[in-house]
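Peer 1: Got a structure for you, questions after.
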Amino acid sequence: MSRYTGAVCRQCRAEGVKLFLKGDRCYTGKCAISKNNVRPGQHGAKRVKTSEYGLRLREKQKLRRFYGMGEAQFRRFFGIAVKMAGQTGHNFLQTLERRLDNVIYRMGLGVSRSQARQIVCHGHVSVNGRKVDVASFLVKAGDVILVREGSRDLVLLKENAEVAGSRAIPAWMTFNADRMEGSVVALPTREQIDSPVNEQLVVEFYAAK
């Protein structure tokens, strides 16, 4: 699977919003959006008239980059949302939020989604007592997510857990920093998802394909 290896701050500048791809750096004055909020490239500062297609494309790219996914996998998750009952846009965001790497990030065990993905893929996490090393694994209401016993002494996880214990987490989950254990209380509602996009434009983009 392809993976973006360039400067992630360029992605935030391209979309014009903070996508929180660099962890704690995004909350400081060093953030690229705070320092130089123009599109990357030689002509980034020029005004560009955006077409209806371009507007929908930018929303799709913004959401895809926000969750750190490749196009093929992103489209596959959209296909899952289309087959679900209810509003496709909400279903899509809810499905993205249910990814295990995103859940680990939301709990604070990873300072960014890319770090959370690495934690999952290295086998440090279990779901309902079973080791899961697939970042795209979809959790469901009632699932218990736990840092495996052999991984609890890792400095990175201990430091992240200590900081996470003092931060607010989404209302649809719980997290105990001392036990490095969390649970999914319920699936998130649209109001509980802070993705900086108009999901209807993303639906329209794929509907027009």
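Ordering of the structure tokens sets the chain letters (A, B, ...); residue numbers start at 1 within each chain; ligands are numbered from 1 in the order shown.
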Identify all residues of region 53-110 of chain A in helix (DSSP H, G or I) (DSSP on the backbone) and supply them as JSON, numbers by chain.
Peer 2: {"A": [53, 54, 55, 56, 57, 58, 59, 60, 61, 62, 63, 64, 65, 66, 71, 72, 73, 74, 75, 76, 77, 78, 79, 80, 81, 82, 88, 89, 90, 91, 92, 93, 94, 95, 96, 97, 100, 101, 102, 103, 104, 105, 106, 107]}
Peer 1: With only C-alpha atoms as the counted atoms, please give the residues lying no more than 12 Å from Ala135 (chain A), apart from itself and same-chain residues fewer than 3 positions off, as a PyMOL selection string.
Peer 2: chain A and resi 67-69+73+96-105+113-127+131-132+138-139
Peer 1: The selected residues should be written to file as an mmCIF file, in the first residue's frame (atoms: C-alpha atoms).
Peer 2:
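After the write, part.cif holds the following:
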```cif
data_model
loop_
_atom_site.group_PDB
_atom_site.id
_atom_site.type_symbol
_atom_site.label_atom_id
_atom_site.label_comp_id
_atom_site.auth_asym_id
_atom_site.auth_seq_id
_atom_site.Cartn_x
_atom_site.Cartn_y
_atom_site.Cartn_z
ATOM 1 C CA TYR A 67 -7.392 10.513 8.893
ATOM 2 C CA GLY A 68 -4.099 9.775 7.132
ATOM 3 C CA MET A 69 -5.455 7.322 4.574
ATOM 4 C CA GLN A 73 -8.608 2.525 1.334
ATOM 5 C CA LEU A 96 -13.653 6.531 9.992
ATOM 6 C CA GLU A 97 -13.861 7.321 13.709
ATOM 7 C CA ARG A 98 -14.278 3.614 14.500
ATOM 8 C CA ARG A 99 -10.891 2.728 13.027
ATOM 9 C CA LEU A 100 -8.647 1.350 15.761
ATOM 10 C CA ASP A 101 -5.785 3.744 15.009
ATOM 11 C CA ASN A 102 -8.182 6.680 15.364
ATOM 12 C CA VAL A 103 -9.567 5.290 18.640
ATOM 13 C CA ILE A 104 -6.035 4.984 20.047
ATOM 14 C CA TYR A 105 -5.388 8.587 18.984
ATOM 15 C CA ARG A 113 -2.873 9.339 14.066
ATOM 16 C CA SER A 114 0.340 8.238 12.381
ATOM 17 C CA GLN A 115 1.893 7.451 15.773
ATOM 18 C CA ALA A 116 -1.291 5.683 16.870
ATOM 19 C CA ARG A 117 -1.200 3.628 13.666
ATOM 20 C CA GLN A 118 2.361 2.581 14.442
ATOM 21 C CA ILE A 119 1.378 1.568 17.986
ATOM 22 C CA VAL A 120 -1.387 -0.649 16.621
ATOM 23 C CA CYS A 121 0.670 -2.171 13.803
ATOM 24 C CA HIS A 122 3.482 -3.082 16.214
ATOM 25 C CA GLY A 123 1.058 -5.217 18.183
ATOM 26 C CA HIS A 124 0.872 -3.180 21.399
ATOM 27 C CA VAL A 125 -2.940 -3.181 21.577
ATOM 28 C CA SER A 126 -5.637 -5.746 22.260
ATOM 29 C CA VAL A 127 -9.396 -5.539 21.706
ATOM 30 C CA LYS A 131 -4.220 -8.874 19.989
ATOM 31 C CA VAL A 132 -5.092 -6.671 17.014
ATOM 32 C CA LEU A 138 -13.406 -1.288 13.199
ATOM 33 C CA VAL A 139 -14.381 -1.177 16.852
#
```
Peer 1: Find the residue from A:Asn128, A:Ser151, A:Asn160, A:Ser136 that sits nearest to Phe74 (chain A); use only C-alpha atoms when measuring.
Peer 2: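 Of A:Asn128, A:Ser151, A:Asn160, A:Ser136, the one nearest Phe74 (chain A) is A:Ser136, counting only C-alpha atoms.
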Peer 1: As an exercise, work out the distance from CA of Glu159 (chain A) to CA of Phe175 (chain A) in Å and give it to one decimal place.
Peer 2: 14.9 Å
Peer 1: From a DSSP pass on the backbone, collect the residues of region 35-188 of chain A flagged as strand (DSSP E) and hand them back as a VMD selection string.
Peer 2: chain A and resid 125 to 127 130 to 131 144 to 147 173 to 176 181 to 184
Peer 1: Arg167 (chain A): which residues within 12 Å, counting only C-alpha atoms, same-chain residues fewer than 6 positions away excluded, as a count of residues only?
Peer 2: 11
Peer 1: If we count only C-alpha atoms, what is near Thr189 (chain A) at a cut-off of 10 Å, once residues fewer than 6 positions away on the same chain are taken out, given as a PyMOL selection string?
Peer 2: chain A and resi 90-91+93-94+171-172
Peer 1: List as JSON lines every residue of region 48-93 of chain A that is in contact with region 200-207 of chain A, defined as an atom at most 9 Å from one of its atoms (using only C-alpha atoms), together with the nearest atom pair and the distance in Å rounded to one decimal, sorted by chain and then rising number.
Peer 2:
```
{"residue": "A:Tyr53", "atom": "CA", "partner": "A:Phe205", "partner_atom": "CA", "distance": 7.3}
{"residue": "A:Leu55", "atom": "CA", "partner": "A:Leu201", "partner_atom": "CA", "distance": 7.9}
{"residue": "A:Arg56", "atom": "CA", "partner": "A:Leu201", "partner_atom": "CA", "distance": 5.1}
{"residue": "A:Leu57", "atom": "CA", "partner": "A:Phe205", "partner_atom": "CA", "distance": 6.5}
{"residue": "A:Arg58", "atom": "CA", "partner": "A:Val202", "partner_atom": "CA", "distance": 8.8}
{"residue": "A:Glu59", "atom": "CA", "partner": "A:Val202", "partner_atom": "CA", "distance": 6.1}
{"residue": "A:Lys60", "atom": "CA", "partner": "A:Val202", "partner_atom": "CA", "distance": 5.0}
{"residue": "A:Gln61", "atom": "CA", "partner": "A:Val202", "partner_atom": "CA", "distance": 8.8}
{"residue": "A:Leu63", "atom": "CA", "partner": "A:Val202", "partner_atom": "CA", "distance": 8.3}
{"residue": "A:Arg75", "atom": "CA", "partner": "A:Tyr206", "partner_atom": "CA", "distance": 8.5}
{"residue": "A:Phe78", "atom": "CA", "partner": "A:Val203", "partner_atom": "CA", "distance": 8.4}
{"residue": "A:Thr88", "atom": "CA", "partner": "A:Val203", "partner_atom": "CA", "distance": 7.2}
{"residue": "A:Gly89", "atom": "CA", "partner": "A:Gln200", "partner_atom": "CA", "distance": 5.7}
{"residue": "A:His90", "atom": "CA", "partner": "A:Gln200", "partner_atom": "CA", "distance": 8.7}
{"residue": "A:Phe92", "atom": "CA", "partner": "A:Val203", "partner_atom": "CA", "distance": 8.8}
```
Peer 1: Pull C-alpha atoms from the residues just selected and write them as a PDB file, in the first residue's frame.
Peer 2:
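Written output follows (out.pdb):
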```
ATOM      1  CA  TYR A  53     -15.742  20.062  -8.674  1.00  0.00           C
ATOM      2  CA  LEU A  55     -14.574  22.492  -3.948  1.00  0.00           C
ATOM      3  CA  ARG A  56     -15.783  18.896  -3.526  1.00  0.00           C
ATOM      4  CA  LEU A  57     -12.319  17.527  -4.316  1.00  0.00           C
ATOM      5  CA  ARG A  58     -10.715  19.715  -1.663  1.00  0.00           C
ATOM      6  CA  GLU A  59     -13.207  18.544   0.977  1.00  0.00           C
ATOM      7  CA  LYS A  60     -12.508  14.924   0.061  1.00  0.00           C
ATOM      8  CA  GLN A  61      -8.738  15.456   0.195  1.00  0.00           C
ATOM      9  CA  LEU A  63     -10.942  14.458   5.113  1.00  0.00           C
ATOM     10  CA  ARG A  75     -12.832   4.873  -1.132  1.00  0.00           C
ATOM     11  CA  PHE A  78     -16.910   5.107   1.678  1.00  0.00           C
ATOM     12  CA  THR A  88     -24.190   8.340   4.066  1.00  0.00           C
ATOM     13  CA  GLY A  89     -22.150  11.341   5.219  1.00  0.00           C
ATOM     14  CA  HIS A  90     -22.664  10.618   8.898  1.00  0.00           C
ATOM     15  CA  PHE A  92     -18.823   7.656   6.593  1.00  0.00           C
TER      16      PHE A  92
END
```
Peer 1: Could you work out how far CA of Lys62 (chain A) lies from CA of Asp143 (chain A), giving the answer in Å with one decimal?
Peer 2: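 These atoms are spaced 28.9 Å apart.
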